[in-house]
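**Student:** Okay, here's the structure, questions in a sec.
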Amino acid sequence: MSDKEIGIVYLVGAGPGDPELITLKALRCIEAAEVLVFDALANPVLLEYAAEDCELIDAGKRAKDHKLTQDETNALLAEHALAGKIVVRLKGGDPYVFGRGSEEGIYLHERGIPVEIVPGITAAMAGPAYAGIPVTHRNVATTVTFITGHEDPTKDATQTDYRGLSLLAQKGGTLCFYMGMGRLPNIVEELTKHGLSPDTPAGVVQWGTLPKQRSLRAPLNELADAVNEAGLGAPAIIIVGPVCDVDTDHALDWFEHRPLFGQTVVITRTRHQASALRQELEDLGATVLEAPTIEIVEPDDRQRHMNRTYLDQLADGKFDWLILTSVNGVWAMKDEWEQLDLDSRWLSKLRVATIGDATADAFEQEFNIRPDLVPTKFVAESLAAELIAAENMKGKRVLMLRADIARPLLREKLEAAGAEVVDAPVYITQQAASLPEDVVEAIRDGVVDWITFTSSSTVSNFVELLGKDRAALDRVKVASIGPITSNTVRELGLTVTTEADPHTIPGLVDALVDAVAASRG
Ligand code: SAH
């Protein structure tokens, strides 16, 4: 086999958990991968960046739960690389920090396979950082040591020098134990036996940097009890040293103090629309579950043909106003507009009204035109009232591009004011076939705190799709985007805990934050 036919293996650090803590280089490797072999501790969200035809292999190497042995993993990497593939070996944290990355690298090199390393942020740097513990501090800690707690410290054969560790820690140095939770009492005993003071500050961070992160601090001799009481377990980093007490005022302890930390929130928007809301909620600390209740599809051919005729007329200046009531409508129009080979110049004389800032922003982004009218309240009633107040609508031709299920109110009001309205359904909303199983399970298990509804149809669809599990919804608080959605919630026998004002996604997020703050007192 000539060299040219051999592929390459990238040993890539996925970072500690929070998928955004991956490096740009690692992301580029994932995107380029033809075969991706990943660990249990690499966040599965990152796999979404892989190409559609990339082969994904779970090497799930969590202790006691070996899916592939190390030899099998090595052989697998070699096999694919020798077949000419770009192979990415994605590991939690950093590939060389207790990750056996070097063993894999040497094995591959011995077989003539090129290997490159992409370091990652390791758990003992990121976990403590997200729990308000800086691993070094100029006044107290001049060393930091990463230790595997996997070894039995009471065995004679241990390679870990607890006397040396104890000496480092006595001078204020920081000790970070990986894989140590199963042996926490032994670790404490060995350190104190070798002279480290039992009241040395210590801490534990479990699932560091993830929404489910939990952490605590306690003096060394109380640490094991505190961990038991709080029910903390693996995967966790144990930190020993005065750095654990540096942040007495919780100045650095931002992560677990974010407004929605610890809250599990279900969002019911379409996949396409969910991402912005998801990002905002996650940035505020929430665990977000997506349950799209609606799918957006194109209208049938006959309707599309009619829509095109209307858009042709629009370009010909046959309409005075264009009304868009949703971002989906903007996207649907843009699609057709491009198919018709038209651009924004054809809209230059037209006046445009949108409901909602998000719709206005989408329109500006797609067409480079700022809408003329965005009503102060983002409902059809306001748009009709403000349009009619702004000008005499008598004889004006209005094209509305909307969903097939839009309320007739806007059309009726404008027609009553003398306008000639063409109401074109440019996209069809249909109920999703089912809810994702993990969401149904989470609701059943009572782990969901909130569900957000952004339209009446999301409410009715969600309740219908939930079917027999509906009773479990009684334990879930509802955040609604506005009065119309709230009415539907109540009609279906549920209670609205908080309602957005303004009736926008940012308004909904604010309402959620306020409600959580109020419940925490
Ligand atoms: N290569 C990884 C470590 C693998 S060993 C890295 O650089 O981080 C596995 C151990 O890492 C776990 O037992 C735990 O001690 C630690 N660990 C990994 N992810 C963690 C997380 N999100 N929070 C706390 N500890 C974590």
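By order of appearance in the structure tokens: chains A, B, ..., then residues from 1 within every chain, and ligands from 1 in the order shown.
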Find the nearest atom pair between each residue of chain A and ligand 1 for residues within 9 Å, count only C-alpha atoms and all ligand atoms, give distances in Å to one decimal, sort rows by chain and ascending number, and present the table as a tab-separated table.

**Tutor:**
```
residue	atom	partner	partner_atom_place_in_ligand_line	distance
A:Gly13	CA	ligand 1	1 (N)	7.4
A:Ala14	CA	ligand 1	6 (C)	8.8
A:Gly15	CA	ligand 1	8 (O)	6.9
A:Pro16	CA	ligand 1	22 (N)	4.8
A:Gly17	CA	ligand 1	22 (N)	4.9
A:Asp18	CA	ligand 1	22 (N)	7.9
A:Leu41	CA	ligand 1	19 (N)	6.1
A:Ala42	CA	ligand 1	19 (N)	8.3
A:Arg62	CA	ligand 1	9 (C)	7.6
A:Ala63	CA	ligand 1	13 (O)	8.1
A:Lys91	CA	ligand 1	1 (N)	6.4
A:Gly92	CA	ligand 1	2 (C)	4.9
A:Gly93	CA	ligand 1	6 (C)	3.4
A:Asp94	CA	ligand 1	7 (O)	3.8
A:Pro95	CA	ligand 1	1 (N)	5.2
A:Tyr96	CA	ligand 1	1 (N)	6.4
A:Val97	CA	ligand 1	7 (O)	4.6
A:Phe98	CA	ligand 1	5 (S)	5.0
A:Gly99	CA	ligand 1	1 (N)	4.3
A:Arg100	CA	ligand 1	1 (N)	8.0
A:Gly101	CA	ligand 1	1 (N)	8.4
A:Pro119	CA	ligand 1	7 (O)	8.9
A:Gly120	CA	ligand 1	7 (O)	7.0
A:Ile121	CA	ligand 1	7 (O)	6.6
A:Thr122	CA	ligand 1	7 (O)	3.6
A:Ala123	CA	ligand 1	8 (O)	3.7
A:Ala124	CA	ligand 1	8 (O)	6.4
A:Met125	CA	ligand 1	8 (O)	8.3
A:Ala126	CA	ligand 1	23 (N)	8.0
A:Gly127	CA	ligand 1	23 (N)	5.4
A:Pro128	CA	ligand 1	24 (C)	8.4
A:Thr148	CA	ligand 1	5 (S)	7.9
A:Gly149	CA	ligand 1	15 (O)	8.1
A:His150	CA	ligand 1	13 (O)	8.2
A:Cys176	CA	ligand 1	15 (O)	8.9
A:Phe177	CA	ligand 1	15 (O)	6.6
A:Tyr178	CA	ligand 1	15 (O)	3.4
A:Met179	CA	ligand 1	13 (O)	3.4
A:Gly180	CA	ligand 1	15 (O)	6.3
A:Met181	CA	ligand 1	15 (O)	7.5
A:Val204	CA	ligand 1	24 (C)	8.3
A:Val205	CA	ligand 1	24 (C)	5.5
A:Gln206	CA	ligand 1	24 (C)	4.6
A:Trp207	CA	ligand 1	23 (N)	3.7
A:Gly208	CA	ligand 1	23 (N)	3.5
A:Thr209	CA	ligand 1	22 (N)	5.9
A:Leu210	CA	ligand 1	22 (N)	6.6
A:Gln213	CA	ligand 1	23 (N)	7.4
A:Arg214	CA	ligand 1	23 (N)	8.9
A:Ala234	CA	ligand 1	13 (O)	5.9
A:Pro235	CA	ligand 1	14 (C)	4.1
A:Ala236	CA	ligand 1	25 (N)	3.5
A:Ile237	CA	ligand 1	25 (N)	4.5
A:Ile238	CA	ligand 1	15 (O)	7.6
```

**Student:** From the list A:Asp249, A:Glu420, A:Glu336, A:Glu256, which residue is nearest A:Met306 when using only C-alpha atoms?

**Tutor:**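 Comparing A:Asp249, A:Glu420, A:Glu336, A:Glu256 against A:Met306, the winner is A:Glu336.
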
**Student:** Residues of stretch 348-433 of chain A classed as strand (DSSP E or B) by DSSP on the backbone are to be reported as number ranges by chain.

**Tutor:** A: 351-354, 373, 397-403, 420-431

**Student:** Give me a file of those residues, with C-alpha atoms, as a short mmCIF file (atom, residue, chain, number, x, y, z; two decimals), in the first residue's frame.

**Tutor:**
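Result written to selection30.cif:
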```cif
data_model
loop_
_atom_site.label_atom_id
_atom_site.label_comp_id
_atom_site.auth_asym_id
_atom_site.auth_seq_id
_atom_site.Cartn_x
_atom_site.Cartn_y
_atom_site.Cartn_z
CA ARG A 351 -44.77 49.33 1.77
CA VAL A 352 -44.25 46.50 4.22
CA ALA A 353 -45.83 45.74 7.57
CA THR A 354 -44.82 42.93 9.90
CA LEU A 373 -44.75 49.46 10.00
CA ARG A 397 -54.41 46.33 -2.36
CA VAL A 398 -52.83 44.26 0.39
CA LEU A 399 -50.97 40.97 0.05
CA MET A 400 -50.71 38.91 3.19
CA LEU A 401 -48.24 36.01 3.24
CA ARG A 402 -49.13 33.79 6.12
CA ALA A 403 -49.65 30.33 7.50
CA GLU A 420 -58.74 44.59 -1.07
CA VAL A 421 -56.91 41.76 0.65
CA VAL A 422 -55.25 38.72 -0.87
CA ASP A 423 -54.46 36.19 1.84
CA ALA A 424 -51.87 33.74 0.58
CA PRO A 425 -50.90 30.72 2.67
CA VAL A 426 -47.19 30.44 1.83
CA TYR A 427 -46.51 27.67 4.29
CA ILE A 428 -48.48 24.90 5.90
CA THR A 429 -48.21 24.09 9.55
CA GLN A 430 -48.92 20.53 10.42
CA GLN A 431 -48.84 18.65 13.64
#
```

**Student:** Give me, please, the distance in Å between atom CA of A:Glu298 and atom CA of A:Glu381, quoted to one decimal.

**Tutor:** 26.9 Å

**Student:** Neighbours of A:Ile388 within 9 Å (only C-alpha atoms; same-chain residues fewer than 6 positions away dropped), as JSON, numbers by chain?

**Tutor:** {"A": [413, 414, 417]}

**Student:** Can you list, as number ranges by chain, every protein, DNA or RNA residue that comes within 12 Å of A:Asp53 when you count only C-alpha atoms, leaving out same-chain residues fewer than 6 positions away?

**Tutor:** A: 31-36, 47

**Student:** Dump N, CA and C atoms for the selected residues as a CSV table (one decimal), in the first residue's frame?

**Tutor:**
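After the write, result_8.csv holds the following:
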```csv
chain,number,residue,atom,x,y,z
A,31,GLU,N,-15.8,18.1,11.6
A,31,GLU,CA,-16.5,18.3,10.3
A,31,GLU,C,-15.9,17.5,9.1
A,32,ALA,N,-14.6,17.3,9.2
A,32,ALA,CA,-13.8,16.6,8.1
A,32,ALA,C,-13.9,15.1,8.3
A,33,ALA,N,-14.3,14.6,9.5
A,33,ALA,CA,-14.1,13.2,9.8
A,33,ALA,C,-14.9,12.3,8.8
A,34,GLU,N,-14.3,11.2,8.4
A,34,GLU,CA,-15.1,10.2,7.7
A,34,GLU,C,-15.5,9.0,8.7
A,35,VAL,N,-14.6,8.9,9.7
A,35,VAL,CA,-15.0,7.9,10.8
A,35,VAL,C,-14.7,8.7,12.1
A,36,LEU,N,-15.7,8.6,13.0
A,36,LEU,CA,-15.5,9.3,14.3
A,36,LEU,C,-15.8,8.3,15.4
A,47,LEU,N,-21.5,15.5,18.0
A,47,LEU,CA,-21.6,14.6,16.8
A,47,LEU,C,-22.4,15.2,15.7
```

**Student:** Using backbone DSSP assignments, extract all alpha helix (DSSP H) residues from stretch 279-462 of chain A; output them as an MDAnalysis selection string.

**Tutor:** chainID A and resid 279:283 301:315 327:339 357:367 380:390 409:416 437:444 456:462

**Student:** I'd like the neighbourhood of A:Gln339 as a list in words, where a residue qualifies if any of its atoms comes within 12 Å (using only C-alpha atoms), though same-chain residues fewer than 3 positions away should be ignored.

**Tutor:**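 Neighbouring residues, sequence-local ones excluded: Arg304, His305, Asn307, Arg308, Leu311, Asp312, Ala332, Met333, Lys334, Asp335, Glu336, Leu342 and Asp343 of chain A.
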
**Student:** What is the atom CA of A:Phe261-atom CA of A:Arg520 distance in Å, reported with one decimal?

**Tutor:**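 That distance, rounded to one decimal, is 11.6 Å.
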
**Student:** Name all residues at most 12 Å from A:Val87 (count only C-alpha atoms; drop same-chain ones fewer than 3 positions away) and give them as a PyMOL selection string.

**Tutor:** chain A and resi 6-12+29-38+50+54-57+74+76-84+90+108+113-117

**Student:** Convert the current residue selection to file output with C-alpha atoms, as a PDB file, in the first residue's frame.

**Tutor:**
```pdb
ATOM      1  CA  ILE A   6      -3.224   5.768   4.163  1.00  0.00           C
ATOM      2  CA  GLY A   7      -5.570   8.060   6.028  1.00  0.00           C
ATOM      3  CA  ILE A   8      -4.871   9.931   9.240  1.00  0.00           C
ATOM      4  CA  VAL A   9      -5.999   9.807  12.833  1.00  0.00           C
ATOM      5  CA  TYR A  10      -6.693  12.990  14.764  1.00  0.00           C
ATOM      6  CA  LEU A  11      -6.696  12.515  18.529  1.00  0.00           C
ATOM      7  CA  VAL A  12      -9.076  15.267  19.486  1.00  0.00           C
ATOM      8  CA  CYS A  29     -11.620  17.903  12.524  1.00  0.00           C
ATOM      9  CA  ILE A  30     -15.124  16.667  13.414  1.00  0.00           C
ATOM     10  CA  GLU A  31     -16.507  18.310  10.284  1.00  0.00           C
ATOM     11  CA  ALA A  32     -13.849  16.629   8.146  1.00  0.00           C
ATOM     12  CA  ALA A  33     -14.113  13.188   9.779  1.00  0.00           C
ATOM     13  CA  GLU A  34     -15.094  10.166   7.719  1.00  0.00           C
ATOM     14  CA  VAL A  35     -14.976   7.935  10.778  1.00  0.00           C
ATOM     15  CA  LEU A  36     -15.541   9.323  14.260  1.00  0.00           C
ATOM     16  CA  VAL A  37     -14.788   7.175  17.300  1.00  0.00           C
ATOM     17  CA  PHE A  38     -16.086   8.855  20.432  1.00  0.00           C
ATOM     18  CA  ALA A  50     -20.063  15.493  11.688  1.00  0.00           C
ATOM     19  CA  CYS A  54     -19.514  10.069   8.576  1.00  0.00           C
ATOM     20  CA  GLU A  55     -19.441   6.721  10.373  1.00  0.00           C
ATOM     21  CA  LEU A  56     -20.028   7.228  14.105  1.00  0.00           C
ATOM     22  CA  ILE A  57     -18.606   4.624  16.484  1.00  0.00           C
ATOM     23  CA  ASN A  74      -6.549   0.788  18.763  1.00  0.00           C
ATOM     24  CA  LEU A  76     -10.351  -0.048  14.975  1.00  0.00           C
ATOM     25  CA  LEU A  77      -8.538   3.285  14.531  1.00  0.00           C
ATOM     26  CA  ALA A  78      -5.737   1.602  12.600  1.00  0.00           C
ATOM     27  CA  GLU A  79      -8.099  -0.355  10.397  1.00  0.00           C
ATOM     28  CA  HIS A  80     -10.014   2.719   9.226  1.00  0.00           C
ATOM     29  CA  ALA A  81      -6.895   4.834   8.784  1.00  0.00           C
ATOM     30  CA  LEU A  82      -5.236   2.074   6.756  1.00  0.00           C
ATOM     31  CA  ALA A  83      -8.345   2.019   4.582  1.00  0.00           C
ATOM     32  CA  GLY A  84      -7.550   5.629   3.727  1.00  0.00           C
ATOM     33  CA  LEU A  90     -12.875  12.222  20.047  1.00  0.00           C
ATOM     34  CA  LEU A 108      -0.779   4.086  15.294  1.00  0.00           C
ATOM     35  CA  ILE A 113      -0.265   5.829  10.366  1.00  0.00           C
ATOM     36  CA  PRO A 114       0.001   9.622  10.594  1.00  0.00           C
ATOM     37  CA  VAL A 115      -1.340  11.018  13.876  1.00  0.00           C
ATOM     38  CA  GLU A 116      -2.104  14.574  14.939  1.00  0.00           C
ATOM     39  CA  ILE A 117      -3.199  15.797  18.355  1.00  0.00           C
TER      40      ILE A 117
END
```

**Student:** What does the distance from atom CA of A:Gly418 to atom CA of A:Ala315 come to in Å, to one decimal?

**Tutor:**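 Going from atom CA of A:Gly418 over to atom CA of A:Ala315, I get 22.8 Å.
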
**Student:** Report as number ranges by chain all protein, DNA and RNA residues lying within 7 Å of stretch 268-275 of chain A, evaluated on only C-alpha atoms, omitting residues in the same chain fewer than 2 positions from it.

**Tutor:** A: 266, 277-279, 290-295, 452-454, 458
